[in-house]
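Shown next, in structure tokens, is the structure this report addresses.
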Amino acid sequence: MTTTEDPSTTAAAVDPGPLIKLTIADCAAKALHSGVTLGVFGALADGPLDAAAVADRTATHHRMLPDFLDALAGLGLLERRDGRYRNSELAQTYLVPDSASYLGGFIELTNETLYGTWGRLTEALRSGEAQHLDPDKGGFVGDRHKDPAKMKRFLAGLDAYSDRMGTELARRVDWSRYTSLTDLGGARGNMAAVIAQAHPHLTATCFDLERTRPLFTEHMAGLGIGDRVAFVGGDFFTDPLPDSDVIVLGHILHGFDTEKRLALLRRVHDAVRPGGTVLVYDRMIDDARSDPERLLSSLHMRLVSPDGSEYRIADCRSWLREAGFADGTAEPLLGTHTLVKAHKEAAA
């Protein structure tokens with residue numbers, strides 16, 4: 001005689017909590033986006049306020065605000081004490097407008113782009129077609145360069161991110177061996193400037209589309225480092241790449257298919273001086289393909305471009321070898337990325 005397990009018994013033994021949290025995960029992100037858009041974190045930049053004062057400063061309605069502020073506190077973005085709210089250390093560092101580390105521009109951009117695109121995921125999975133065709137930055141730039149104010153907000157968000165990345169690369173690499181570096185796709189040159197400021201003997205070049213030059217010039221003038229960071233405008237695949245001891249490719253290879261990745265890395269190999277180094281960083285997929293955040297990042301690239309995706313660490317190292325580089329090594333970077341270093345043999 002056979003018995004079948006009672007489905008109700010099985011359901012009672014398995015906690016659905018993780019599934020429910022996953023189902024409503026976007027609610028937390030939308031709360032963050034609204035907090036940035038409404039200026040909540042800026043309103044609290046100078047110290048604690050009660051809900052009524054926050055409502056006055058942000059032009060929000062009293063009916064929903066207490067739940068909203070308490071939710072932000074529960075998410076670790078605010079702290080509540082004696083009925084008053086203040087920014088958490090995380091929010092004070094990254095969500096206060098006009099601060100050097102402000103990430104609000106990037107957060108606003110994700111709100112504009114990700115929800116519409118990911119809302120078409122089911123359609124994309126059925127058709128295999130990208131849902132947000134955009135040749136620049138995996139769908140994040142698009143026509144924003146036509147709106148200088150919007151482009152500046154976006155680049156300011158990238159600068160806050162590239163400050164951390166540049167500081168980390170400045171620390172990780174033995175720059176005493178080199179005198180020059182080029183950041184491919186370096187936007188307005190912020191990361192190149194961070195590294196050059198940390199190592200005054202270096203000269204740096206930012207290579208990006210020519211339309212970025214005015215934004216680069218303005219930003220370098222503000223940093224006071226324009227004499228040590230140059231701009232070269234052009235296309236990765238058709239224009240000459242600057243000769244440098246070190247060339248950095250961050251968030252570049254994930255925008256192309258394997259054929260174009262190899263073509264670009266061969267061009268990079270030609271441009272790296274003998275004895276020099278290439279640095280590649282992306283949200284690379286672990287070789288076991290088990291990290292959900294990296295795989296979702298790859299899925300995003302497939303959603304926004306016809307050819308792009310993230311790629312395995314082993315694949316990156318293989319492409320670098322095929323392009324002519326040697327001794328490729330990989331290491332975690334900032335907890336969210338992987339850095340692959342490879343070298344060009346010194347001249348005989």
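Here's how to read the names in the structure tokens: chain A, B, ... by the order shown, residue numbers from 1 in each chain, ligand numbers from 1 in the order shown.
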
I'd like the neighbourhood of segment 257-274 of chain A as a PyMOL selection string, where a residue qualifies if any of its atoms comes within 7 Å (using only C-alpha atoms), though same-chain residues fewer than 6 positions away should be ignored.
chain A and resi 236-237+241-247+307-308+319-320+323-325+344-347

Would you output that residue set with N, CA, C and O atoms, as a PDB file, in the first residue's frame?
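Written output follows (selection-v3.pdb):
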ATOM      1  N   PHE A 236      35.971  53.179 -29.569  1.00  0.00           N
ATOM      2  CA  PHE A 236      36.877  52.096 -29.178  1.00  0.00           C
ATOM      3  C   PHE A 236      37.372  51.292 -30.375  1.00  0.00           C
ATOM      4  O   PHE A 236      38.515  50.832 -30.391  1.00  0.00           O
ATOM      5  N   PHE A 237      36.509  51.085 -31.352  1.00  0.00           N
ATOM      6  CA  PHE A 237      36.786  50.101 -32.399  1.00  0.00           C
ATOM      7  C   PHE A 237      37.357  50.700 -33.676  1.00  0.00           C
ATOM      8  O   PHE A 237      37.845  49.970 -34.538  1.00  0.00           O
ATOM      9  N   LEU A 241      43.743  54.091 -29.961  1.00  0.00           N
ATOM     10  CA  LEU A 241      43.728  54.167 -28.507  1.00  0.00           C
ATOM     11  C   LEU A 241      45.049  54.747 -28.030  1.00  0.00           C
ATOM     12  O   LEU A 241      46.107  54.441 -28.587  1.00  0.00           O
ATOM     13  N   PRO A 242      45.031  55.592 -27.003  1.00  0.00           N
ATOM     14  CA  PRO A 242      46.279  56.204 -26.520  1.00  0.00           C
ATOM     15  C   PRO A 242      47.257  55.153 -26.005  1.00  0.00           C
ATOM     16  O   PRO A 242      46.871  54.216 -25.298  1.00  0.00           O
ATOM     17  N   ASP A 243      48.534  55.283 -26.370  1.00  0.00           N
ATOM     18  CA  ASP A 243      49.575  54.420 -25.804  1.00  0.00           C
ATOM     19  C   ASP A 243      49.717  54.725 -24.319  1.00  0.00           C
ATOM     20  O   ASP A 243      49.848  55.884 -23.931  1.00  0.00           O
ATOM     21  N   SER A 244      49.703  53.688 -23.486  1.00  0.00           N
ATOM     22  CA  SER A 244      49.806  53.884 -22.042  1.00  0.00           C
ATOM     23  C   SER A 244      50.456  52.678 -21.392  1.00  0.00           C
ATOM     24  O   SER A 244      50.426  51.571 -21.933  1.00  0.00           O
ATOM     25  N   ASP A 245      51.029  52.903 -20.202  1.00  0.00           N
ATOM     26  CA  ASP A 245      51.551  51.777 -19.424  1.00  0.00           C
ATOM     27  C   ASP A 245      50.415  50.911 -18.888  1.00  0.00           C
ATOM     28  O   ASP A 245      50.550  49.687 -18.784  1.00  0.00           O
ATOM     29  N   VAL A 246      49.307  51.553 -18.506  1.00  0.00           N
ATOM     30  CA  VAL A 246      48.150  50.836 -17.965  1.00  0.00           C
ATOM     31  C   VAL A 246      46.895  51.323 -18.671  1.00  0.00           C
ATOM     32  O   VAL A 246      46.691  52.535 -18.820  1.00  0.00           O
ATOM     33  N   ILE A 247      46.053  50.379 -19.103  1.00  0.00           N
ATOM     34  CA  ILE A 247      44.750  50.717 -19.663  1.00  0.00           C
ATOM     35  C   ILE A 247      43.683  50.040 -18.816  1.00  0.00           C
ATOM     36  O   ILE A 247      43.780  48.855 -18.504  1.00  0.00           O
ATOM     37  N   ASP A 307      23.545  42.489 -27.651  1.00  0.00           N
ATOM     38  CA  ASP A 307      24.724  41.625 -27.596  1.00  0.00           C
ATOM     39  C   ASP A 307      25.366  41.529 -26.216  1.00  0.00           C
ATOM     40  O   ASP A 307      26.172  40.636 -25.978  1.00  0.00           O
ATOM     41  N   GLY A 308      25.062  42.449 -25.316  1.00  0.00           N
ATOM     42  CA  GLY A 308      25.778  42.522 -24.056  1.00  0.00           C
ATOM     43  C   GLY A 308      25.346  41.491 -23.033  1.00  0.00           C
ATOM     44  O   GLY A 308      24.250  40.932 -23.101  1.00  0.00           O
ATOM     45  N   TRP A 319      40.075  35.377 -22.859  1.00  0.00           N
ATOM     46  CA  TRP A 319      40.123  36.403 -23.903  1.00  0.00           C
ATOM     47  C   TRP A 319      41.417  37.207 -23.824  1.00  0.00           C
ATOM     48  O   TRP A 319      42.005  37.548 -24.859  1.00  0.00           O
ATOM     49  N   LEU A 320      41.846  37.528 -22.613  1.00  0.00           N
ATOM     50  CA  LEU A 320      43.083  38.289 -22.462  1.00  0.00           C
ATOM     51  C   LEU A 320      44.281  37.503 -22.976  1.00  0.00           C
ATOM     52  O   LEU A 320      45.162  38.071 -23.640  1.00  0.00           O
ATOM     53  N   ALA A 323      44.239  37.607 -26.678  1.00  0.00           N
ATOM     54  CA  ALA A 323      44.618  38.928 -27.185  1.00  0.00           C
ATOM     55  C   ALA A 323      46.120  39.178 -27.081  1.00  0.00           C
ATOM     56  O   ALA A 323      46.617  40.168 -27.634  1.00  0.00           O
ATOM     57  N   GLY A 324      46.839  38.329 -26.336  1.00  0.00           N
ATOM     58  CA  GLY A 324      48.282  38.471 -26.242  1.00  0.00           C
ATOM     59  C   GLY A 324      48.815  38.784 -24.868  1.00  0.00           C
ATOM     60  O   GLY A 324      50.036  38.878 -24.678  1.00  0.00           O
ATOM     61  N   PHE A 325      47.925  38.971 -23.880  1.00  0.00           N
ATOM     62  CA  PHE A 325      48.360  39.267 -22.520  1.00  0.00           C
ATOM     63  C   PHE A 325      48.743  37.982 -21.787  1.00  0.00           C
ATOM     64  O   PHE A 325      48.354  36.878 -22.172  1.00  0.00           O
ATOM     65  N   LYS A 344      51.445  42.739 -20.363  1.00  0.00           N
ATOM     66  CA  LYS A 344      52.047  42.615 -21.685  1.00  0.00           C
ATOM     67  C   LYS A 344      53.542  42.396 -21.491  1.00  0.00           C
ATOM     68  O   LYS A 344      54.183  43.115 -20.717  1.00  0.00           O
ATOM     69  N   GLU A 345      54.064  41.412 -22.181  1.00  0.00           N
ATOM     70  CA  GLU A 345      55.482  41.079 -22.020  1.00  0.00           C
ATOM     71  C   GLU A 345      56.353  42.290 -22.355  1.00  0.00           C
ATOM     72  O   GLU A 345      56.065  43.059 -23.276  1.00  0.00           O
ATOM     73  N   ALA A 346      57.416  42.451 -21.567  1.00  0.00           N
ATOM     74  CA  ALA A 346      58.367  43.530 -21.823  1.00  0.00           C
ATOM     75  C   ALA A 346      59.126  43.251 -23.111  1.00  0.00           C
ATOM     76  O   ALA A 346      59.271  42.097 -23.546  1.00  0.00           O
ATOM     77  N   ALA A 347      59.590  44.304 -23.740  1.00  0.00           N
ATOM     78  CA  ALA A 347      60.354  44.139 -24.981  1.00  0.00           C
ATOM     79  C   ALA A 347      61.626  43.364 -24.706  1.00  0.00           C
ATOM     80  O   ALA A 347      62.259  43.547 -23.653  1.00  0.00           O
TER      81      ALA A 347
END

Set the distance at 12 Å and use only C-alpha atoms: which residues neighbour Leu65 of chain A once local chain neighbours fewer than 2 positions away are removed? I'd like the list as number ranges by chain.
A: 31, 34-35, 38, 40, 50-56, 58-63, 67-72, 85

Would you mind exporting the chosen residues as an mmCIF file, in the first residue's frame, restricted to N, CA, C and O atoms?
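Written file, result_18.cif:
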data_model
loop_
_atom_site.group_PDB
_atom_site.id
_atom_site.type_symbol
_atom_site.label_atom_id
_atom_site.label_comp_id
_atom_site.auth_asym_id
_atom_site.auth_seq_id
_atom_site.Cartn_x
_atom_site.Cartn_y
_atom_site.Cartn_z
ATOM 1 N N ALA A 31 10.855 52.860 -2.249
ATOM 2 C CA ALA A 31 10.904 53.760 -1.095
ATOM 3 C C ALA A 31 12.186 54.586 -1.120
ATOM 4 O O ALA A 31 12.176 55.797 -0.848
ATOM 5 N N SER A 34 11.869 57.247 -3.879
ATOM 6 C CA SER A 34 10.990 58.345 -3.474
ATOM 7 C C SER A 34 11.664 59.237 -2.441
ATOM 8 O O SER A 34 11.515 60.467 -2.477
ATOM 9 N N GLY A 35 12.402 58.640 -1.524
ATOM 10 C CA GLY A 35 13.118 59.437 -0.534
ATOM 11 C C GLY A 35 14.106 60.386 -1.174
ATOM 12 O O GLY A 35 14.236 61.557 -0.763
ATOM 13 N N LEU A 38 12.045 63.133 -3.302
ATOM 14 C CA LEU A 38 11.344 64.099 -2.455
ATOM 15 C C LEU A 38 12.285 64.955 -1.612
ATOM 16 O O LEU A 38 11.859 65.931 -0.996
ATOM 17 N N VAL A 40 14.073 63.913 1.094
ATOM 18 C CA VAL A 40 14.015 63.586 2.517
ATOM 19 C C VAL A 40 15.396 63.649 3.162
ATOM 20 O O VAL A 40 15.575 64.213 4.243
ATOM 21 N N ASP A 50 11.058 66.120 13.386
ATOM 22 C CA ASP A 50 9.900 65.249 13.534
ATOM 23 C C ASP A 50 9.185 65.136 12.185
ATOM 24 O O ASP A 50 9.528 65.821 11.212
ATOM 25 N N ALA A 51 8.183 64.271 12.126
ATOM 26 C CA ALA A 51 7.513 64.000 10.859
ATOM 27 C C ALA A 51 6.853 65.252 10.292
ATOM 28 O O ALA A 51 6.865 65.475 9.069
ATOM 29 N N ALA A 52 6.279 66.092 11.164
ATOM 30 C CA ALA A 52 5.620 67.308 10.677
ATOM 31 C C ALA A 52 6.614 68.246 9.993
ATOM 32 O O ALA A 52 6.325 68.833 8.953
ATOM 33 N N ALA A 53 7.807 68.366 10.571
ATOM 34 C CA ALA A 53 8.826 69.236 9.974
ATOM 35 C C ALA A 53 9.331 68.658 8.657
ATOM 36 O O ALA A 53 9.589 69.402 7.701
ATOM 37 N N VAL A 54 9.482 67.353 8.611
ATOM 38 C CA VAL A 54 9.900 66.723 7.353
ATOM 39 C C VAL A 54 8.841 66.960 6.277
ATOM 40 O O VAL A 54 9.164 67.265 5.125
ATOM 41 N N ALA A 55 7.570 66.835 6.658
ATOM 42 C CA ALA A 55 6.488 67.077 5.703
ATOM 43 C C ALA A 55 6.548 68.502 5.163
ATOM 44 O O ALA A 55 6.381 68.737 3.962
ATOM 45 N N ASP A 56 6.791 69.479 6.035
ATOM 46 C CA ASP A 56 6.889 70.871 5.594
ATOM 47 C C ASP A 56 8.036 71.074 4.615
ATOM 48 O O ASP A 56 7.894 71.755 3.600
ATOM 49 N N THR A 58 9.548 68.889 2.711
ATOM 50 C CA THR A 58 9.524 68.062 1.491
ATOM 51 C C THR A 58 8.204 68.159 0.750
ATOM 52 O O THR A 58 8.028 67.479 -0.267
ATOM 53 N N ALA A 59 7.298 68.989 1.227
ATOM 54 C CA ALA A 59 5.989 69.175 0.581
ATOM 55 C C ALA A 59 5.266 67.840 0.409
ATOM 56 O O ALA A 59 4.736 67.523 -0.656
ATOM 57 N N THR A 60 5.245 67.043 1.472
ATOM 58 C CA THR A 60 4.574 65.755 1.451
ATOM 59 C C THR A 60 3.362 65.781 2.390
ATOM 60 O O THR A 60 3.279 66.610 3.300
ATOM 61 N N HIS A 61 2.442 64.847 2.176
ATOM 62 C CA HIS A 61 1.198 64.810 2.938
ATOM 63 C C HIS A 61 1.396 64.036 4.240
ATOM 64 O O HIS A 61 2.074 63.006 4.267
ATOM 65 N N HIS A 62 0.757 64.494 5.281
ATOM 66 C CA HIS A 62 0.956 63.897 6.609
ATOM 67 C C HIS A 62 0.382 62.486 6.717
ATOM 68 O O HIS A 62 0.808 61.707 7.567
ATOM 69 N N ARG A 63 -0.595 62.119 5.844
ATOM 70 C CA ARG A 63 -1.271 60.838 6.021
ATOM 71 C C ARG A 63 -0.336 59.645 5.879
ATOM 72 O O ARG A 63 -0.405 58.681 6.638
ATOM 73 N N ASP A 67 4.443 56.290 8.172
ATOM 74 C CA ASP A 67 4.778 54.940 7.738
ATOM 75 C C ASP A 67 5.994 54.960 6.808
ATOM 76 O O ASP A 67 6.856 54.083 6.865
ATOM 77 N N PHE A 68 6.041 55.964 5.944
ATOM 78 C CA PHE A 68 7.155 56.070 4.998
ATOM 79 C C PHE A 68 8.478 56.282 5.732
ATOM 80 O O PHE A 68 9.478 55.586 5.468
ATOM 81 N N LEU A 69 8.507 57.205 6.672
ATOM 82 C CA LEU A 69 9.743 57.486 7.408
ATOM 83 C C LEU A 69 10.152 56.294 8.261
ATOM 84 O O LEU A 69 11.344 55.953 8.349
ATOM 85 N N ASP A 70 9.169 55.640 8.892
ATOM 86 C CA ASP A 70 9.507 54.458 9.687
ATOM 87 C C ASP A 70 10.021 53.326 8.810
ATOM 88 O O ASP A 70 10.903 52.562 9.215
ATOM 89 N N ALA A 71 9.478 53.209 7.591
ATOM 90 C CA ALA A 71 9.978 52.193 6.663
ATOM 91 C C ALA A 71 11.423 52.485 6.269
ATOM 92 O O ALA A 71 12.266 51.576 6.214
ATOM 93 N N LEU A 72 11.728 53.762 6.010
ATOM 94 C CA LEU A 72 13.109 54.130 5.689
ATOM 95 C C LEU A 72 14.040 53.829 6.864
ATOM 96 O O LEU A 72 15.191 53.414 6.666
ATOM 97 N N TYR A 85 13.515 62.079 13.450
ATOM 98 C CA TYR A 85 14.246 61.277 12.489
ATOM 99 C C TYR A 85 15.548 61.962 12.106
ATOM 100 O O TYR A 85 15.624 63.191 12.011
#

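Residue nearest Gln92 of chain A within the list A:Arg289, A:Ala130, A:Ala43, A:Arg57: A:Ala43 [criterion: smallest interatomic distance, only C-alpha atoms].
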
Looking only at alpha helix (DSSP H) from DSSP on the backbone, list the matching residues of segment 24-235 of chain A as number ranges by chain.
A: 25-38, 40-43, 51-58, 65-74, 89-94, 104-118, 121-127, 148-172, 190-198, 213-223

Could you pull out all residues of segment 224-332 of chain A with a DSSP call of strand (DSSP E or B) and give them as number ranges by chain?
A: 229-233, 244-250, 272-282, 285, 312, 326-332

Nearest to Leu32 of chain A: which of A:Leu90, A:Arg321, A:Ala13, A:Ile107 is it, counting only C-alpha atoms?
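So, comparing all the options, the nearest one is A:Ile107.
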
Find the residues around Asp208 of chain A up to 10 Å (only C-alpha atoms counted), leave out those fewer than 3 positions away in its own chain, and share them as a ChimeraX atom specification.
/A:183-189,205,211-213,216,231-236

Writer output for current selection, N, CA and C atoms, as an mmCIF file, in the first residue's frame:
data_model
loop_
_atom_site.group_PDB
_atom_site.id
_atom_site.type_symbol
_atom_site.label_atom_id
_atom_site.label_comp_id
_atom_site.auth_asym_id
_atom_site.auth_seq_id
_atom_site.Cartn_x
_atom_site.Cartn_y
_atom_site.Cartn_z
ATOM 1 N N ASP A 183 41.930 55.496 -19.041
ATOM 2 C CA ASP A 183 40.657 54.916 -18.629
ATOM 3 C C ASP A 183 39.730 54.942 -19.838
ATOM 4 N N LEU A 184 39.466 53.751 -20.413
ATOM 5 C CA LEU A 184 38.570 53.671 -21.562
ATOM 6 C C LEU A 184 37.129 53.831 -21.093
ATOM 7 N N GLY A 185 36.382 54.673 -21.798
ATOM 8 C CA GLY A 185 35.014 54.944 -21.384
ATOM 9 C C GLY A 185 34.975 55.670 -20.065
ATOM 10 N N GLY A 186 35.912 56.586 -19.863
ATOM 11 C CA GLY A 186 36.091 57.228 -18.570
ATOM 12 C C GLY A 186 35.168 58.387 -18.275
ATOM 13 N N ALA A 187 34.131 58.593 -19.110
ATOM 14 C CA ALA A 187 33.137 59.653 -18.887
ATOM 15 C C ALA A 187 33.844 61.007 -18.760
ATOM 16 N N ARG A 188 33.664 61.691 -17.632
ATOM 17 C CA ARG A 188 34.309 63.006 -17.524
ATOM 18 C C ARG A 188 35.613 62.941 -16.738
ATOM 19 N N GLY A 189 36.215 61.748 -16.674
ATOM 20 C CA GLY A 189 37.581 61.623 -16.184
ATOM 21 C C GLY A 189 37.757 61.503 -14.696
ATOM 22 N N THR A 205 44.872 59.690 -19.016
ATOM 23 C CA THR A 205 44.057 60.039 -20.173
ATOM 24 C C THR A 205 42.683 59.408 -20.010
ATOM 25 N N ARG A 211 31.514 63.765 -27.625
ATOM 26 C CA ARG A 211 30.487 64.624 -27.035
ATOM 27 C C ARG A 211 30.679 64.818 -25.530
ATOM 28 N N THR A 212 31.520 63.982 -24.903
ATOM 29 C CA THR A 212 31.756 64.086 -23.470
ATOM 30 C C THR A 212 32.803 65.139 -23.135
ATOM 31 N N ARG A 213 33.541 65.628 -24.115
ATOM 32 C CA ARG A 213 34.660 66.540 -23.865
ATOM 33 C C ARG A 213 34.277 67.773 -23.041
ATOM 34 N N PHE A 216 33.965 66.817 -19.462
ATOM 35 C CA PHE A 216 35.295 66.505 -18.927
ATOM 36 C C PHE A 216 36.048 67.785 -18.581
ATOM 37 N N PHE A 231 42.050 64.465 -22.299
ATOM 38 C CA PHE A 231 40.885 63.819 -22.895
ATOM 39 C C PHE A 231 41.169 63.495 -24.351
ATOM 40 N N VAL A 232 40.821 62.280 -24.756
ATOM 41 C CA VAL A 232 40.886 61.881 -26.159
ATOM 42 C C VAL A 232 39.518 61.369 -26.550
ATOM 43 N N GLY A 233 38.917 61.975 -27.556
ATOM 44 C CA GLY A 233 37.594 61.557 -28.003
ATOM 45 C C GLY A 233 37.690 60.567 -29.140
ATOM 46 N N GLY A 234 36.801 59.586 -29.125
ATOM 47 C CA GLY A 234 36.808 58.626 -30.213
ATOM 48 C C GLY A 234 35.971 57.398 -29.931
ATOM 49 N N ASP A 235 36.056 56.456 -30.855
ATOM 50 C CA ASP A 235 35.333 55.195 -30.782
ATOM 51 C C ASP A 235 36.329 54.078 -30.495
ATOM 52 N N PHE A 236 35.971 53.179 -29.569
ATOM 53 C CA PHE A 236 36.877 52.096 -29.178
ATOM 54 C C PHE A 236 37.372 51.292 -30.375
#

To one decimal place in Å, what is the distance between atom CA of Glu310 of chain A and atom CA of Leu95 of chain A?
28.0 Å

Extract, using only C-alpha atoms, all DNA, RNA and protein residues at most 10 Å from Tyr311 of chain A, discarding same-chain residues fewer than 2 positions from it, and format them as an NGL selection string.
:A and (253-254 or 257-258 or 282-287 or 289 or 294-295 or 298 or 308-309 or 313-316)

Put those residues in a file: all heavy atoms, as a compact mmCIF listing (two decimals), in the first residue's frame.
# COMPACT_ATOMS: atom_id res chain seq x y z
N LEU A 253 33.46 45.72 -21.35
CA LEU A 253 33.31 44.46 -22.08
C LEU A 253 31.90 43.90 -21.99
O LEU A 253 31.46 43.18 -22.89
CB LEU A 253 34.32 43.43 -21.57
CG LEU A 253 35.80 43.74 -21.81
CD1 LEU A 253 36.66 42.57 -21.33
CD2 LEU A 253 36.09 44.05 -23.26
N HIS A 254 31.18 44.22 -20.92
CA HIS A 254 29.85 43.63 -20.77
C HIS A 254 28.84 44.19 -21.78
O HIS A 254 27.72 43.69 -21.87
CB HIS A 254 29.33 43.77 -19.34
CG HIS A 254 28.95 45.16 -18.93
ND1 HIS A 254 28.49 45.45 -17.67
CD2 HIS A 254 28.97 46.35 -19.59
CE1 HIS A 254 28.23 46.74 -17.57
NE2 HIS A 254 28.50 47.31 -18.72
N ASP A 257 29.42 41.52 -27.62
CA ASP A 257 29.50 40.07 -27.73
C ASP A 257 30.97 39.65 -27.71
O ASP A 257 31.89 40.48 -27.69
CB ASP A 257 28.80 39.58 -29.00
CG ASP A 257 29.39 40.16 -30.29
OD1 ASP A 257 30.56 40.59 -30.30
OD2 ASP A 257 28.67 40.17 -31.31
N THR A 258 31.21 38.35 -27.71
CA THR A 258 32.56 37.83 -27.55
C THR A 258 33.48 38.28 -28.68
O THR A 258 34.65 38.63 -28.44
CB THR A 258 32.53 36.29 -27.49
OG1 THR A 258 31.76 35.89 -26.34
CG2 THR A 258 33.93 35.72 -27.36
N ASP A 282 34.33 44.34 -13.92
CA ASP A 282 32.91 44.25 -14.22
C ASP A 282 32.28 43.44 -13.11
O ASP A 282 32.97 42.89 -12.25
CB ASP A 282 32.69 43.53 -15.57
CG ASP A 282 32.34 44.49 -16.71
OD1 ASP A 282 31.58 45.44 -16.47
OD2 ASP A 282 32.83 44.27 -17.84
N ARG A 283 30.96 43.32 -13.17
CA ARG A 283 30.27 42.42 -12.24
C ARG A 283 30.31 41.01 -12.84
O ARG A 283 29.29 40.44 -13.22
CB ARG A 283 28.83 42.89 -12.03
CG ARG A 283 28.75 44.21 -11.28
CD ARG A 283 27.32 44.72 -11.17
NE ARG A 283 26.46 43.83 -10.42
CZ ARG A 283 26.32 43.85 -9.10
NH1 ARG A 283 27.03 44.72 -8.38
NH2 ARG A 283 25.50 43.03 -8.48
N MET A 284 31.52 40.48 -12.93
CA MET A 284 31.72 39.21 -13.61
C MET A 284 31.00 38.08 -12.87
O MET A 284 30.91 38.06 -11.64
CB MET A 284 33.21 38.90 -13.71
CG MET A 284 33.98 39.88 -14.56
SD MET A 284 35.74 39.44 -14.65
CE MET A 284 36.44 41.05 -15.06
N ILE A 285 30.52 37.13 -13.65
CA ILE A 285 29.84 35.96 -13.10
C ILE A 285 30.89 34.99 -12.56
O ILE A 285 31.91 34.75 -13.20
CB ILE A 285 29.00 35.28 -14.19
CG1 ILE A 285 27.95 36.26 -14.72
CG2 ILE A 285 28.34 34.02 -13.65
CD1 ILE A 285 27.22 35.75 -15.95
N ASP A 286 30.63 34.46 -11.37
CA ASP A 286 31.54 33.46 -10.84
C ASP A 286 31.55 32.25 -11.76
O ASP A 286 30.56 31.95 -12.44
CB ASP A 286 31.14 33.06 -9.42
CG ASP A 286 29.73 32.47 -9.36
OD1 ASP A 286 28.77 33.20 -9.72
OD2 ASP A 286 29.59 31.31 -8.98
N ASP A 287 32.66 31.53 -11.80
CA ASP A 287 32.81 30.44 -12.76
C ASP A 287 31.77 29.34 -12.56
O ASP A 287 31.44 28.62 -13.50
CB ASP A 287 34.23 29.87 -12.68
CG ASP A 287 35.26 30.86 -13.21
OD1 ASP A 287 34.87 31.77 -13.97
OD2 ASP A 287 36.45 30.75 -12.84
N ARG A 289 28.69 30.00 -11.84
CA ARG A 289 27.42 30.62 -12.19
C ARG A 289 26.39 30.43 -11.07
O ARG A 289 25.27 29.96 -11.30
CB ARG A 289 26.88 30.06 -13.52
CG ARG A 289 27.73 30.43 -14.72
CD ARG A 289 27.14 29.87 -16.00
NE ARG A 289 25.79 30.37 -16.26
CZ ARG A 289 25.49 31.52 -16.85
NH1 ARG A 289 26.49 32.32 -17.27
NH2 ARG A 289 24.25 31.89 -17.04
N ARG A 294 25.08 38.67 -9.56
CA ARG A 294 25.86 38.79 -10.80
C ARG A 294 25.03 38.30 -12.00
O ARG A 294 25.09 38.88 -13.09
CB ARG A 294 27.15 37.98 -10.70
CG ARG A 294 28.05 38.34 -9.51
CD ARG A 294 28.58 39.77 -9.58
NE ARG A 294 29.44 40.09 -8.45
CZ ARG A 294 30.76 39.98 -8.45
NH1 ARG A 294 31.40 39.55 -9.53
NH2 ARG A 294 31.47 40.30 -7.39
N LEU A 295 24.27 37.24 -11.80
CA LEU A 295 23.46 36.71 -12.89
C LEU A 295 22.32 37.66 -13.25
O LEU A 295 21.98 37.82 -14.43
CB LEU A 295 22.92 35.33 -12.51
CG LEU A 295 24.00 34.25 -12.40
CD1 LEU A 295 23.47 33.02 -11.69
CD2 LEU A 295 24.52 33.87 -13.79
N SER A 298 23.80 40.31 -15.34
CA SER A 298 23.98 39.83 -16.71
C SER A 298 22.65 39.85 -17.46
O SER A 298 22.59 40.25 -18.64
CB SER A 298 24.57 38.42 -16.69
OG SER A 298 24.85 37.98 -18.01
N GLY A 308 25.06 42.45 -25.32
CA GLY A 308 25.78 42.52 -24.06
C GLY A 308 25.35 41.49 -23.03
O GLY A 308 24.25 40.93 -23.10
N SER A 309 26.23 41.24 -22.08
CA SER A 309 25.97 40.38 -20.93
C SER A 309 27.17 40.46 -20.03
O SER A 309 28.26 40.88 -20.44
CB SER A 309 25.73 38.93 -21.36
OG SER A 309 26.94 38.34 -21.85
N ILE A 313 34.56 34.86 -15.06
CA ILE A 313 35.95 35.25 -14.82
C ILE A 313 36.88 34.46 -15.71
O ILE A 313 37.81 35.01 -16.33
CB ILE A 313 36.31 35.03 -13.33
CG1 ILE A 313 35.43 35.91 -12.44
CG2 ILE A 313 37.78 35.33 -13.08
CD1 ILE A 313 35.49 35.55 -10.97
N ALA A 314 36.64 33.16 -15.82
CA ALA A 314 37.49 32.31 -16.66
C ALA A 314 37.46 32.75 -18.12
O ALA A 314 38.48 32.70 -18.81
CB ALA A 314 37.05 30.85 -16.54
N ASP A 315 36.30 33.22 -18.58
CA ASP A 315 36.20 33.68 -19.97
C ASP A 315 37.05 34.93 -20.17
O ASP A 315 37.76 35.06 -21.18
CB ASP A 315 34.74 33.98 -20.32
CG ASP A 315 33.88 32.73 -20.34
OD1 ASP A 315 34.42 31.65 -20.65
OD2 ASP A 315 32.68 32.84 -20.04
N CYS A 316 36.99 35.85 -19.21
CA CYS A 316 37.78 37.07 -19.33
C CYS A 316 39.27 36.76 -19.41
O CYS A 316 40.00 37.30 -20.25
CB CYS A 316 37.49 37.98 -18.14
SG CYS A 316 38.37 39.57 -18.18

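Using only C-alpha atoms, the smallest distance between any of A:Val248, A:Ala196, A:Val280, A:Met165 and Arg228 of chain A comes from A:Ala196.
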
With only C-alpha atoms as the basis for distance, which of A:Glu293, A:Gln131, A:Gly276, A:Gly119 is at the shortest distance from Ala342 of chain A?
A:Gly276

Enter the distance from atom CA of Thr23 of chain A to atom CA of Leu77 of chain A, in Å, rounded to one decimal.
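Atom-to-atom, atom CA of Thr23 of chain A and atom CA of Leu77 of chain A are spaced 21.4 Å apart.
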
Show me, as a list of chain:residue names, the residues that have an atom within 12 Å of Asp227 of chain A when counting only C-alpha atoms, minus same-chain residues fewer than 6 positions from it.
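Selected residues are A:Ala193, A:Ala196, A:Gln197, A:Pro200, A:Leu202, A:Thr203, A:Ala204, A:Thr205, A:Thr217, A:Met220, A:Ala221.
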
Find the residues around Tyr115 of chain A up to 12 Å (only C-alpha atoms counted), leave out those fewer than 6 positions away in its own chain, and share them as a list of chain:residue names.
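Here the qualifying residues turn out to be A:Asp26, A:Cys27, A:Ala29, A:Lys30, A:His33, A:Glu108, A:Leu109, A:Leu121, A:Gln131, A:His132, A:His300, A:Leu303, A:Val304.
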